[in-house]
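*Asks:* For reference, the file query_4.cif (mmCIF, C-alpha atoms and all ligand atoms) is included below:
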```cif
data_structure
#
loop_
_atom_site.label_atom_id
_atom_site.label_comp_id
_atom_site.auth_asym_id
_atom_site.auth_seq_id
_atom_site.Cartn_x
_atom_site.Cartn_y
_atom_site.Cartn_z
CA MET A 1 61.46 118.17 162.01
CA THR A 2 60.14 117.72 158.49
CA ARG A 3 58.06 114.72 157.50
CA SER A 4 61.01 113.52 155.36
CA GLU A 5 63.30 113.65 158.40
CA GLN A 6 60.76 111.72 160.46
CA LEU A 7 60.43 109.07 157.77
CA PHE A 8 64.21 108.84 157.41
CA GLU A 9 64.57 108.36 161.16
CA ALA A 10 62.02 105.53 161.07
CA ALA A 11 63.59 104.02 157.94
CA GLN A 12 67.05 103.87 159.50
CA LYS A 13 65.73 101.59 162.25
CA VAL A 14 64.56 98.96 159.78
CA MET A 15 66.53 99.46 156.55
CA PRO A 16 70.33 99.66 156.13
CA GLY A 17 71.10 103.36 155.96
CA GLY A 18 67.36 104.00 155.76
CA VAL A 19 67.28 103.27 152.03
CA ASN A 20 66.97 100.55 149.43
CA SER A 21 69.86 101.87 147.31
CA PRO A 22 72.88 103.63 148.83
CA VAL A 23 73.27 106.85 146.80
CA ARG A 24 69.80 108.09 147.66
CA ALA A 25 70.72 108.18 151.36
CA CYS A 26 72.39 111.53 150.51
CA ARG A 27 75.35 110.84 152.81
CA SER A 28 77.94 112.41 150.55
CA VAL A 29 75.98 115.65 150.35
CA GLY A 30 75.43 115.85 154.10
CA THR A 31 71.68 115.91 154.18
CA TYR A 32 68.68 113.60 154.49
CA PRO A 33 66.72 112.20 151.55
CA ARG A 34 63.55 113.98 150.56
CA PHE A 35 60.78 111.37 150.52
CA LEU A 36 58.83 111.78 147.31
CA GLN A 37 55.15 111.07 146.99
CA LYS A 38 53.99 112.21 143.58
CA SER A 39 55.09 113.58 140.25
CA LYS A 40 53.90 115.05 136.97
CA GLY A 41 55.87 115.83 133.82
CA SER A 42 59.19 117.35 134.86
CA ARG A 43 58.18 117.87 138.51
CA VAL A 44 58.34 115.82 141.70
CA TYR A 45 56.70 116.62 145.04
CA ASP A 46 57.93 115.57 148.47
CA VAL A 47 55.93 114.60 151.54
CA ASP A 48 56.41 118.10 152.99
CA GLY A 49 54.66 119.71 150.04
CA ASN A 50 57.81 120.97 148.30
CA GLU A 51 57.87 121.01 144.51
CA TYR A 52 61.06 120.41 142.52
CA ILE A 53 62.15 120.43 138.90
CA ASP A 54 63.40 116.87 138.60
CA LEU A 55 66.81 116.29 137.03
CA ILE A 56 66.99 112.65 138.05
CA GLY A 57 63.93 111.17 136.32
CA SER A 58 64.24 107.91 138.30
CA TRP A 59 67.89 107.78 137.18
CA GLY A 60 67.11 107.93 133.51
CA PRO A 61 64.14 105.87 132.40
CA LEU A 62 61.58 108.67 132.35
CA ILE A 63 62.65 110.10 128.99
CA LEU A 64 59.13 111.42 128.44
CA GLY A 65 58.76 112.71 131.99
CA HIS A 66 56.62 111.52 134.88
CA CYS A 67 53.09 110.18 134.47
CA ARG A 68 52.95 110.54 130.70
CA ARG A 69 49.34 109.84 129.81
CA GLU A 70 49.99 107.12 127.20
CA VAL A 71 52.23 105.22 129.64
CA GLU A 72 49.78 105.55 132.52
CA ASP A 73 46.85 104.38 130.37
CA ALA A 74 48.80 101.37 129.11
CA VAL A 75 49.78 100.35 132.65
CA LEU A 76 46.25 100.72 134.02
CA ALA A 77 44.82 98.64 131.17
CA ALA A 78 47.44 95.92 131.69
CA VAL A 79 46.86 95.82 135.46
CA LYS A 80 43.19 95.03 134.89
CA ASP A 81 44.14 91.90 132.95
CA GLY A 82 46.46 90.56 135.66
CA LEU A 83 49.72 91.47 137.33
CA SER A 84 51.82 88.44 136.52
CA PHE A 85 51.44 85.05 134.88
CA GLY A 86 54.94 83.60 134.71
CA ALA A 87 53.91 82.56 131.20
CA PRO A 88 54.36 83.96 127.69
CA THR A 89 52.15 86.98 126.91
CA PRO A 90 51.54 88.88 123.65
CA SER A 91 53.13 92.11 124.88
CA GLU A 92 56.57 90.56 125.34
CA VAL A 93 56.62 89.51 121.68
CA GLU A 94 55.74 93.03 120.63
CA MET A 95 58.41 94.38 122.95
CA ALA A 96 61.09 92.07 121.57
CA GLU A 97 60.15 92.99 118.00
CA LEU A 98 60.31 96.69 118.80
CA VAL A 99 63.66 96.45 120.61
CA CYS A 100 65.15 94.49 117.69
CA GLN A 101 63.77 97.02 115.21
CA MET A 102 65.05 100.06 117.09
CA THR A 103 68.48 98.78 118.10
CA GLY A 104 69.51 96.27 115.43
CA VAL A 105 69.94 93.34 117.84
CA GLU A 106 68.56 90.12 116.36
CA MET A 107 67.24 88.50 119.53
CA VAL A 108 66.58 89.78 123.01
CA ARG A 109 65.84 88.28 126.45
CA MET A 110 63.90 90.30 129.03
CA VAL A 111 65.03 90.34 132.64
CA ASN A 112 64.16 92.55 135.62
CA SER A 113 67.02 95.01 136.06
CA GLY A 114 70.23 96.26 134.52
CA THR A 115 72.22 94.28 137.07
CA GLU A 116 70.53 91.08 135.92
CA ALA A 117 70.99 91.97 132.25
CA VAL A 118 74.74 92.48 132.71
CA MET A 119 75.17 89.38 134.85
CA SER A 120 73.40 87.30 132.19
CA ALA A 121 75.28 88.85 129.25
CA LEU A 122 78.59 88.13 130.98
CA ARG A 123 77.59 84.51 131.54
CA LEU A 124 76.63 84.25 127.88
CA ALA A 125 79.95 85.80 126.81
CA ARG A 126 81.84 83.31 128.96
CA GLY A 127 79.72 80.41 127.76
CA ALA A 128 80.05 81.34 124.10
CA THR A 129 83.81 81.95 124.14
CA GLY A 130 84.84 79.32 126.71
CA ARG A 131 86.98 82.01 128.36
CA SER A 132 86.63 83.33 131.90
CA LYS A 133 88.29 86.76 132.16
CA LEU A 134 86.53 90.06 131.66
CA ILE A 135 87.78 93.58 131.06
CA LYS A 136 85.89 96.51 132.54
CA PHE A 137 86.86 100.14 133.04
CA ALA A 138 87.67 101.87 136.32
CA GLY A 139 84.74 104.08 137.30
CA CYS A 140 82.24 102.28 135.07
CA TYR A 141 79.32 100.76 136.93
CA HIS A 142 77.43 97.76 135.59
CA GLY A 143 75.15 96.93 138.49
CA HIS A 144 76.07 94.96 141.55
CA SER A 145 76.85 91.42 140.38
CA ASP A 146 80.03 90.06 141.97
CA SER A 147 82.34 90.28 138.99
CA MET A 148 81.39 93.89 138.27
CA LEU A 149 82.08 95.28 141.77
CA VAL A 150 85.71 95.86 140.92
CA LYS A 151 86.87 99.49 140.59
CA ALA A 152 83.20 100.33 140.17
CA GLY A 153 81.56 103.74 139.92
CA SER A 154 78.30 105.13 141.33
CA GLY A 155 77.80 104.68 145.09
CA LEU A 156 81.15 102.93 145.45
CA MET A 157 82.90 106.12 144.40
CA THR A 158 81.19 108.30 146.98
CA GLY A 159 81.75 105.56 149.53
CA GLY A 160 85.44 105.95 148.74
CA GLN A 161 85.98 102.22 148.17
CA PRO A 162 85.79 101.04 144.56
CA ASP A 163 85.39 97.36 145.53
CA SER A 164 82.82 95.58 147.69
CA ALA A 165 83.28 93.24 150.61
CA GLY A 166 81.75 89.82 150.00
CA VAL A 167 83.18 89.33 146.51
CA PRO A 168 85.42 86.24 146.48
CA ALA A 169 89.00 87.00 145.43
CA GLU A 170 88.86 84.38 142.65
CA MET A 171 85.85 86.13 141.20
CA ALA A 172 87.38 89.61 141.37
CA GLY A 173 90.63 88.22 139.99
CA ASP A 174 88.95 87.36 136.72
CA THR A 175 87.91 90.98 136.25
CA LEU A 176 90.68 93.09 134.78
CA THR A 177 90.39 96.87 134.83
CA ALA A 178 91.42 99.23 132.07
CA ALA A 179 91.34 103.03 131.90
CA TYR A 180 88.28 104.57 130.25
CA ASN A 181 89.09 106.46 127.05
CA ASP A 182 92.46 104.71 126.87
CA ALA A 183 92.35 101.93 124.27
CA ALA A 184 96.06 101.22 124.76
CA SER A 185 95.33 100.08 128.34
CA VAL A 186 92.89 97.52 126.91
CA ARG A 187 95.44 96.28 124.38
CA ARG A 188 97.97 95.75 127.19
CA LEU A 189 95.49 93.60 129.15
CA LEU A 190 94.50 91.58 126.08
CA GLU A 191 98.16 90.96 125.21
CA ALA A 192 98.98 89.96 128.79
CA ASN A 193 96.06 87.47 128.89
CA PRO A 194 96.09 85.79 125.48
CA GLY A 195 93.05 83.67 124.67
CA GLN A 196 91.59 84.27 128.13
CA VAL A 197 89.37 87.35 127.85
CA ALA A 198 85.73 86.57 127.14
CA ALA A 199 84.50 90.14 126.89
CA VAL A 200 85.24 93.82 127.18
CA ILE A 201 82.29 95.57 128.82
CA VAL A 202 81.89 99.33 128.72
CA GLU A 203 79.37 102.06 129.39
CA PRO A 204 79.55 103.76 125.97
CA VAL A 205 79.09 107.04 127.82
CA ALA A 206 80.44 106.55 131.31
CA ALA A 207 77.70 107.95 133.52
CA ASN A 208 78.44 106.47 136.94
CA MET A 209 81.64 108.43 137.63
CA GLY A 210 79.65 111.43 136.50
CA VAL A 211 79.13 111.79 132.76
CA VAL A 212 82.29 111.14 130.73
CA PRO A 213 81.70 110.87 126.98
CA PRO A 214 83.91 108.60 124.89
CA LYS A 215 86.72 110.32 123.02
CA PRO A 216 86.30 110.12 119.23
CA GLY A 217 87.47 106.70 118.07
CA PHE A 218 87.58 105.09 121.55
CA LEU A 219 84.57 102.81 121.06
CA GLN A 220 85.69 101.92 117.53
CA ALA A 221 89.13 101.01 118.90
CA LEU A 222 87.46 98.67 121.41
CA ARG A 223 85.54 97.05 118.57
CA GLU A 224 88.77 96.45 116.64
CA LEU A 225 90.63 95.14 119.69
CA CYS A 226 87.82 92.69 120.48
CA ASP A 227 87.88 91.42 116.90
CA GLU A 228 91.67 91.10 116.95
CA PHE A 229 91.75 89.14 120.22
CA GLY A 230 88.54 87.12 119.81
CA ALA A 231 86.75 88.76 122.75
CA LEU A 232 83.13 89.96 122.68
CA LEU A 233 82.29 93.64 122.99
CA ILE A 234 79.45 94.31 125.41
CA LEU A 235 77.94 97.78 125.45
CA ASP A 236 76.12 98.46 128.70
CA GLU A 237 73.35 100.73 127.47
CA VAL A 238 71.37 100.82 130.71
CA ILE A 239 71.70 104.60 130.67
CA THR A 240 72.30 105.40 126.99
CA GLY A 241 69.90 102.92 125.34
CA PHE A 242 66.90 104.69 123.74
CA ARG A 243 68.11 107.93 125.38
CA LEU A 244 70.90 109.15 123.12
CA ALA A 245 69.06 107.99 120.03
CA ARG A 246 66.39 105.45 119.08
CA GLY A 247 69.23 102.98 118.51
CA GLY A 248 71.11 104.08 121.64
CA ALA A 249 74.87 104.59 121.73
CA GLN A 250 75.37 102.00 118.99
CA ALA A 251 73.56 104.31 116.58
CA TYR A 252 74.80 107.57 118.13
CA TYR A 253 78.49 106.65 117.95
CA GLY A 254 78.31 104.22 115.02
CA VAL A 255 79.69 101.18 116.81
CA LYS A 256 78.30 97.65 116.73
CA ALA A 257 78.46 95.54 119.88
CA ASP A 258 78.27 91.76 120.11
CA LEU A 259 75.97 91.99 123.11
CA VAL A 260 74.04 94.95 124.47
CA THR A 261 72.48 95.33 127.90
CA TYR A 262 69.49 97.52 128.63
CA GLY A 263 67.78 98.46 131.87
CA LYS A 264 65.05 100.55 133.39
CA ILE A 265 64.44 102.61 130.23
CA ILE A 266 62.84 99.57 128.56
CA GLY A 267 60.32 99.51 131.39
CA GLY A 268 59.47 103.21 131.12
CA GLY A 269 59.95 103.41 134.90
CA MET A 270 58.97 99.84 135.77
CA PRO A 271 61.65 97.32 136.83
CA VAL A 272 62.94 95.85 133.56
CA GLY A 273 66.24 94.91 131.96
CA ALA A 274 67.18 93.10 128.78
CA TYR A 275 70.14 91.76 126.90
CA GLY A 276 70.42 91.10 123.22
CA GLY A 277 72.75 90.40 120.35
CA SER A 278 73.14 88.34 117.23
CA ARG A 279 70.92 85.30 116.68
CA LYS A 280 74.02 83.11 116.77
CA LEU A 281 75.01 84.30 120.23
CA MET A 282 71.54 84.51 121.70
CA GLU A 283 70.76 80.96 120.60
CA GLN A 284 73.30 79.89 123.20
CA VAL A 285 70.77 80.88 125.90
CA ALA A 286 68.44 78.28 127.48
CA PRO A 287 66.22 76.62 126.38
CA LEU A 288 68.01 76.64 123.00
CA GLY A 289 71.56 76.57 124.30
CA PRO A 290 73.66 75.63 127.31
CA VAL A 291 73.81 79.06 129.02
CA TYR A 292 71.15 79.03 131.73
CA GLN A 293 69.16 82.08 132.76
CA ALA A 294 65.54 82.36 133.91
CA GLY A 295 63.01 84.48 135.83
CA THR A 296 59.34 84.35 136.79
CA LEU A 297 58.86 88.09 136.45
CA SER A 298 60.80 88.37 133.19
CA GLY A 299 58.62 89.90 130.49
CA ASN A 300 56.07 90.91 133.12
CA PRO A 301 52.98 92.20 131.26
CA VAL A 302 52.56 95.40 133.29
CA ALA A 303 56.21 96.33 132.84
CA MET A 304 56.02 95.48 129.14
CA ALA A 305 52.96 97.72 128.76
CA ALA A 306 54.74 100.69 130.33
CA GLY A 307 57.89 100.18 128.32
CA LEU A 308 56.10 99.61 125.05
CA ALA A 309 54.09 102.81 125.45
CA GLN A 310 57.26 104.84 125.97
CA LEU A 311 59.29 103.11 123.23
CA ARG A 312 56.50 103.51 120.66
CA ILE A 313 56.47 107.26 121.25
CA LEU A 314 60.26 107.42 120.97
CA GLN A 315 60.22 105.37 117.81
CA ASN A 316 57.61 107.51 116.10
CA ASP A 317 58.95 110.92 117.09
CA PRO A 318 62.71 111.21 116.45
CA GLN A 319 62.38 114.97 116.96
CA ILE A 320 62.37 114.19 120.71
CA TYR A 321 66.11 113.42 120.50
CA ALA A 322 66.96 116.65 118.68
CA GLU A 323 65.03 118.58 121.32
CA LEU A 324 66.70 116.77 124.25
CA ASP A 325 70.07 117.51 122.73
CA ARG A 326 69.21 121.18 122.17
CA LYS A 327 68.03 121.62 125.75
CA GLY A 328 71.13 119.81 126.99
CA GLU A 329 73.32 122.22 125.06
CA VAL A 330 71.50 125.29 126.42
CA LEU A 331 71.94 123.98 129.97
CA GLN A 332 75.60 123.06 129.40
CA ASN A 333 76.48 126.44 127.88
CA GLY A 334 74.54 128.34 130.55
CA LEU A 335 76.26 126.48 133.38
CA ARG A 336 79.71 126.93 131.82
CA GLU A 337 79.10 130.66 131.59
CA ILE A 338 77.96 130.85 135.23
CA PHE A 339 81.09 129.07 136.51
CA ARG A 340 83.37 131.10 134.22
CA GLU A 341 81.93 134.40 135.43
CA ALA A 342 82.20 133.28 139.05
CA GLY A 343 85.78 132.06 138.62
CA ILE A 344 84.85 128.63 140.03
CA PRO A 345 86.80 125.80 138.40
CA ALA A 346 84.22 123.40 137.00
CA GLN A 347 83.75 121.10 134.02
CA VAL A 348 80.30 120.64 132.53
CA ASN A 349 80.39 117.32 130.69
CA ARG A 350 77.54 116.30 128.42
CA ALA A 351 76.38 113.62 126.04
CA GLY A 352 72.93 114.47 124.62
CA SER A 353 70.55 114.85 127.57
CA LEU A 354 73.05 113.54 130.16
CA LEU A 355 75.16 116.07 132.06
CA THR A 356 77.47 116.32 135.07
CA VAL A 357 79.12 119.32 136.69
CA PHE A 358 82.54 118.33 138.04
CA PHE A 359 84.23 120.73 140.43
CA THR A 360 87.76 120.38 139.12
CA GLU A 361 90.18 122.38 136.98
CA GLU A 362 91.08 119.59 134.58
CA PRO A 363 88.91 118.30 131.76
CA VAL A 364 87.29 115.06 132.94
CA THR A 365 88.00 112.27 130.46
CA GLY A 366 88.33 109.37 132.91
CA TYR A 367 88.37 108.06 136.45
CA ALA A 368 91.43 109.93 137.75
CA GLN A 369 90.12 113.34 136.70
CA ALA A 370 86.62 112.57 137.99
CA ARG A 371 88.17 111.67 141.34
CA SER A 372 90.02 114.98 141.47
CA SER A 373 86.67 116.77 141.94
CA ASP A 374 86.12 118.89 145.03
CA LEU A 375 83.38 116.99 146.89
CA GLU A 376 82.83 119.81 149.40
CA ARG A 377 81.96 122.09 146.50
CA TYR A 378 79.58 119.49 145.09
CA LYS A 379 77.87 119.32 148.47
CA GLN A 380 77.28 123.08 148.44
CA TRP A 381 76.09 122.90 144.85
CA TYR A 382 73.62 120.10 145.56
CA ASN A 383 72.15 121.70 148.67
CA GLY A 384 71.99 125.13 147.05
CA LEU A 385 70.02 123.75 144.13
CA LEU A 386 67.76 121.65 146.33
CA SER A 387 66.84 124.63 148.50
CA ARG A 388 65.90 126.46 145.29
CA GLY A 389 63.61 123.70 144.04
CA ILE A 390 65.99 121.77 141.77
CA TYR A 391 66.19 118.04 142.43
CA THR A 392 69.50 116.68 141.18
CA ALA A 393 71.88 113.80 141.88
CA PRO A 394 73.03 113.62 145.53
CA SER A 395 76.51 112.59 144.42
CA GLN A 396 79.31 114.03 142.31
CA PHE A 397 79.56 110.71 140.51
CA GLU A 398 76.14 110.50 138.89
CA ALA A 399 74.36 112.15 135.97
CA MET A 400 71.69 114.79 135.50
CA PHE A 401 68.93 113.57 133.17
CA LEU A 402 66.82 115.87 131.01
CA CYS A 403 63.47 114.67 129.75
CA ALA A 404 61.02 115.67 127.03
CA ALA A 405 58.80 117.37 129.62
CA HIS A 406 61.45 119.95 130.63
CA THR A 407 60.49 123.27 129.06
CA ASP A 408 62.83 126.03 127.89
CA GLN A 409 61.44 128.13 130.73
CA GLU A 410 62.44 125.43 133.21
CA ILE A 411 65.97 125.29 131.83
CA GLN A 412 66.16 129.02 132.53
CA THR A 413 64.77 128.45 136.03
CA ILE A 414 67.49 125.84 136.63
CA LEU A 415 70.13 128.30 135.40
CA ALA A 416 68.77 131.06 137.65
CA ALA A 417 68.94 128.70 140.65
CA ALA A 418 72.48 127.72 139.61
CA ARG A 419 73.53 131.38 139.42
CA GLU A 420 72.26 132.08 142.94
CA THR A 421 73.82 128.87 144.28
CA VAL A 422 77.18 129.72 142.76
CA ARG A 423 76.99 133.22 144.26
CA ASP A 424 76.66 131.58 147.69
CA MET A 425 79.59 129.29 146.95
CA GLN A 426 82.03 132.14 146.22
N1 LIG B 501 73.13 103.65 141.62
C1 LIG B 501 72.10 104.05 140.71
C2 LIG B 501 72.49 105.27 139.97
N2 LIG B 501 73.68 105.15 139.21
C3 LIG B 501 70.75 104.20 141.35
C4 LIG B 501 70.72 105.04 142.54
C5 LIG B 501 69.39 104.93 143.29
O1 LIG B 501 68.40 104.48 142.77
O2 LIG B 501 69.39 105.33 144.43
#
```
Would you mind giving the structure from this file in structure tokens?
*Replies:*
Amino acid sequence: MTRSEQLFEAAQKVMPGGVNSPVRACRSVGTYPRFLQKSKGSRVYDVDGNEYIDLIGSWGPLILGHCRREVEDAVLAAVKDGLSFGAPTPSEVEMAELVCQMTGVEMVRMVNSGTEAVMSALRLARGATGRSKLIKFAGCYHGHSDSMLVKAGSGLMTGGQPDSAGVPAEMAGDTLTAAYNDAASVRRLLEANPGQVAAVIVEPVAANMGVVPPKPGFLQALRELCDEFGALLILDEVITGFRLARGGAQAYYGVKADLVTYGKIIGGGMPVGAYGGSRKLMEQVAPLGPVYQAGTLSGNPVAMAAGLAQLRILQNDPQIYAELDRKGEVLQNGLREIFREAGIPAQVNRAGSLLTVFFTEEPVTGYAQARSSDLERYKQWYNGLLSRGIYTAPSQFEAMFLCAAHTDQEIQTILAAARETVRDMQ
């Protein structure tokens, strides 16, 4: 028995499923989680001494890779001054200024996770519009607040049940679901619920049913529909913010949201989230306005230090984005060629440095096509890569994340491992 297996056995006795977040239990890929103990750059190391090229990067935030020196130094310096005060600190002001500068939001509120950011933005949207209904998209995941666990992606897709127990019917009933990349489905819901929809919330690149980029014009159509029907447009940039571009998906796709939510990327790997928007909307938040939201650890100085160190590098070196995109394209083209040669039906979707291989014949532009993927094939793919030292998402319905630390040589190593894996799958 490996040390990871031993730890997993112990964990299952005291933690549900042996984990603190369902996907990492690796149930849908029929194996046990590798327990990680250290990392550097593009690599992670498990407790059994195995080394992997990491394509998860803590599910996105580590755009610069693991243990980047500037981030580490900033965290260590902040730790020496105190872990938490529950009081204003200088670094949160600097963080808010930087986020506003990079993304174009006028005011921002720090929270502790993407889930919290979305939950708070939805409350603000409801408070500001006086409406209660929300529109989300099937297969999009916005964290685990009650109203968002309706036709949700991520772990709910591998679990085979898109809704969660424990969500009151009245709550779920206020969440309407549209089809991703289908603006007409949004129009139908808005017309059927006149004056009742507070917000349309979308992952600008769906990344929790696997990566599904928006079709040209889709996000712009949502903007126009929201304006026409008086609803707010919320872009959930937990995965795309600061990753696709300095200004996130708003800048990348040229669409302006009313509210934007951010997550772990702002913390550079530490637990952080944020939501922001126009001054007029954000002034509705307490203590200025009637929408209440609070948190002792919000704006935590250690998390701010980590996030600021990463964001400053991203702000000052836009070449990082061109490089991430180039490496993403090399990986996408290489994988497509491997599947084509092998005659294995697969789609390699990509937006910048985010990729997913779907094992299906049809182009994946939404939930139905993502669901048509062959999960047995994904299982073989995952385990084949893992055994060859490539650490990727243990679920068909998640993304691969490239980071600045991945070298061209490593992309070739990933492709070589993919070629061997695919040979075994034939
Ligand atoms: N559900 C998240 C990914 N979309 C996080 C998974 C995890 O941390 O295990």
*Asks:* Taking all atoms listed in the file into account, list the residues no farther than 6 Å from ligand LIG 501 (chain B), as a ChimeraX atom specification.
*Replies:* /A:21-24,59,154-155,208,398
*Asks:* My list of candidates is A:Pro318, A:Pro345, A:Gly277, A:Gly328. Which is closest to Ala96 in chain A when distances are computed with only C-alpha atoms?
*Replies:* A:Gly277
*Asks:* Calculated over all atoms listed in the file, which of the candidates A:Val211, A:Ala404, A:Met282, A:Val118 has the smallest distance to Ile234 in chain A?
*Replies:*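 The closest residue to Ile234 in chain A is A:Val118.
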*Asks:* Which residue out of A:Gly41, A:Gly217, A:Pro194, A:Pro287 has the minimum interatomic distance to Arg131 in chain A when all atoms listed in the file are used?
*Replies:*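 Answer, going by the shortest atom-to-atom distance: A:Pro194.
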*Asks:* Take CA of Asp258 in chain A and CA of Gly241 in chain A and report the distance between them in Å, one decimal.
*Replies:* 14.9 Å
*Asks:* Please report, as AutoDock Vina command-line options, the centre and edge lengths in Å to one decimal of an axis-aligned box covering all listed atoms of range 126-139 of chain A with 4 Å per side.
*Replies:*
```
--center_x 84.0 --center_y 91.7 --center_z 130.7 --size_x 16.6 --size_y 32.8 --size_z 21.2
```
*Asks:* Nearest residue to Asn112 in chain A out of A:Thr129, A:Gly334, A:Thr356, A:Gly299, using all atoms listed in the file?
*Replies:*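 Under the stated criterion, the closest residue is A:Gly299.
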*Asks:* Find the distance between CA of Gln310 in chain A and CA of Lys38 in chain A and write it in Å to one decimal.
*Replies:* 19.4 Å
*Asks:* Pick from A:Gly114, A:Gly166, A:Pro204, A:Gly289: nearest to Ala257 in chain A, with only C-alpha atoms counted?
*Replies:*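 Of the candidates, the smallest distance to Ala257 in chain A is held by A:Pro204.
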*Asks:* Hey, what's within 6 Å of Ala199 in chain A if we count only C-alpha atoms and toss same-chain stuff fewer than 2 positions away? As a PyMOL selection string, please?
*Replies:* chain A and resi 134+197+231-233
*Asks:* Any idea what's packed within 10 Å of Arg350 in chain A, counting all atoms listed in the file, ignoring anything in its chain fewer than 2 positions away? Could you give it as an MDAnalysis selection string?
*Replies:* chainID A and resid 205 207 210:213 325 328:329 331:332 347:348 352:357 399:400
*Asks:* For the selection just defined, write its residues with C-alpha atoms to a file, as an mmCIF file, in the frame of the given file.
*Replies:*
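Okay, again26.cif is ready:
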```cif
data_model
loop_
_atom_site.group_PDB
_atom_site.id
_atom_site.type_symbol
_atom_site.label_atom_id
_atom_site.label_comp_id
_atom_site.auth_asym_id
_atom_site.auth_seq_id
_atom_site.Cartn_x
_atom_site.Cartn_y
_atom_site.Cartn_z
ATOM 1 C CA VAL A 205 79.090 107.040 127.820
ATOM 2 C CA ALA A 207 77.700 107.950 133.520
ATOM 3 C CA GLY A 210 79.650 111.430 136.500
ATOM 4 C CA VAL A 211 79.130 111.790 132.760
ATOM 5 C CA VAL A 212 82.290 111.140 130.730
ATOM 6 C CA PRO A 213 81.700 110.870 126.980
ATOM 7 C CA ASP A 325 70.070 117.510 122.730
ATOM 8 C CA GLY A 328 71.130 119.810 126.990
ATOM 9 C CA GLU A 329 73.320 122.220 125.060
ATOM 10 C CA LEU A 331 71.940 123.980 129.970
ATOM 11 C CA GLN A 332 75.600 123.060 129.400
ATOM 12 C CA GLN A 347 83.750 121.100 134.020
ATOM 13 C CA VAL A 348 80.300 120.640 132.530
ATOM 14 C CA GLY A 352 72.930 114.470 124.620
ATOM 15 C CA SER A 353 70.550 114.850 127.570
ATOM 16 C CA LEU A 354 73.050 113.540 130.160
ATOM 17 C CA LEU A 355 75.160 116.070 132.060
ATOM 18 C CA THR A 356 77.470 116.320 135.070
ATOM 19 C CA VAL A 357 79.120 119.320 136.690
ATOM 20 C CA ALA A 399 74.360 112.150 135.970
ATOM 21 C CA MET A 400 71.690 114.790 135.500
#
```
*Asks:* Interatomic distance between CA of Gly276 in chain A and CA of Ala121 in chain A?
*Replies:*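 Computed distance, CA of Gly276 in chain A to CA of Ala121 in chain A, equals 8.1 Å.
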*Asks:* Ranking A:Ile265, A:Leu402, A:Ile411, A:Ala245 by minimum distance to Gln319 in chain A and counting all atoms listed in the file, which one comes first?
*Replies:*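 With all atoms listed in the file as the atom set, the closest residue is A:Ala245.
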*Asks:* Can you pull out the residues contacting Lys151 in chain A? Cut-off 12 Å, using all atoms listed in the file, and skip same-chain residues under 2 positions away; I want them as number ranges by chain.
*Replies:* A: 135-142, 144, 146-149, 153-157, 159-164, 172-173, 175-180, 208-209, 367-368
*Asks:* Pull C-alpha atoms from the residues just selected and write them as a CSV table (one decimal), in the coordinates of the input.
*Replies:*
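Here's the written file again39.csv:
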```csv
chain,number,residue,atom,x,y,z
A,135,ILE,CA,87.8,93.6,131.1
A,136,LYS,CA,85.9,96.5,132.5
A,137,PHE,CA,86.9,100.1,133.0
A,138,ALA,CA,87.7,101.9,136.3
A,139,GLY,CA,84.7,104.1,137.3
A,140,CYS,CA,82.2,102.3,135.1
A,141,TYR,CA,79.3,100.8,136.9
A,142,HIS,CA,77.4,97.8,135.6
A,144,HIS,CA,76.1,95.0,141.6
A,146,ASP,CA,80.0,90.1,142.0
A,147,SER,CA,82.3,90.3,139.0
A,148,MET,CA,81.4,93.9,138.3
A,149,LEU,CA,82.1,95.3,141.8
A,153,GLY,CA,81.6,103.7,139.9
A,154,SER,CA,78.3,105.1,141.3
A,155,GLY,CA,77.8,104.7,145.1
A,156,LEU,CA,81.2,102.9,145.4
A,157,MET,CA,82.9,106.1,144.4
A,159,GLY,CA,81.8,105.6,149.5
A,160,GLY,CA,85.4,106.0,148.7
A,161,GLN,CA,86.0,102.2,148.2
A,162,PRO,CA,85.8,101.0,144.6
A,163,ASP,CA,85.4,97.4,145.5
A,164,SER,CA,82.8,95.6,147.7
A,172,ALA,CA,87.4,89.6,141.4
A,173,GLY,CA,90.6,88.2,140.0
A,175,THR,CA,87.9,91.0,136.2
A,176,LEU,CA,90.7,93.1,134.8
A,177,THR,CA,90.4,96.9,134.8
A,178,ALA,CA,91.4,99.2,132.1
A,179,ALA,CA,91.3,103.0,131.9
A,180,TYR,CA,88.3,104.6,130.2
A,208,ASN,CA,78.4,106.5,136.9
A,209,MET,CA,81.6,108.4,137.6
A,367,TYR,CA,88.4,108.1,136.4
A,368,ALA,CA,91.4,109.9,137.8
```
*Asks:* Using all atoms listed in the file, determine which residues lie at most 9 Å from Ser58 in chain A, disregarding the query and same-chain residues fewer than 6 positions distant; provide the list as a list of chain:residue names.
*Replies:*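 Surrounding residues, per the criterion: A:Lys264, A:Gly269, A:Phe401.
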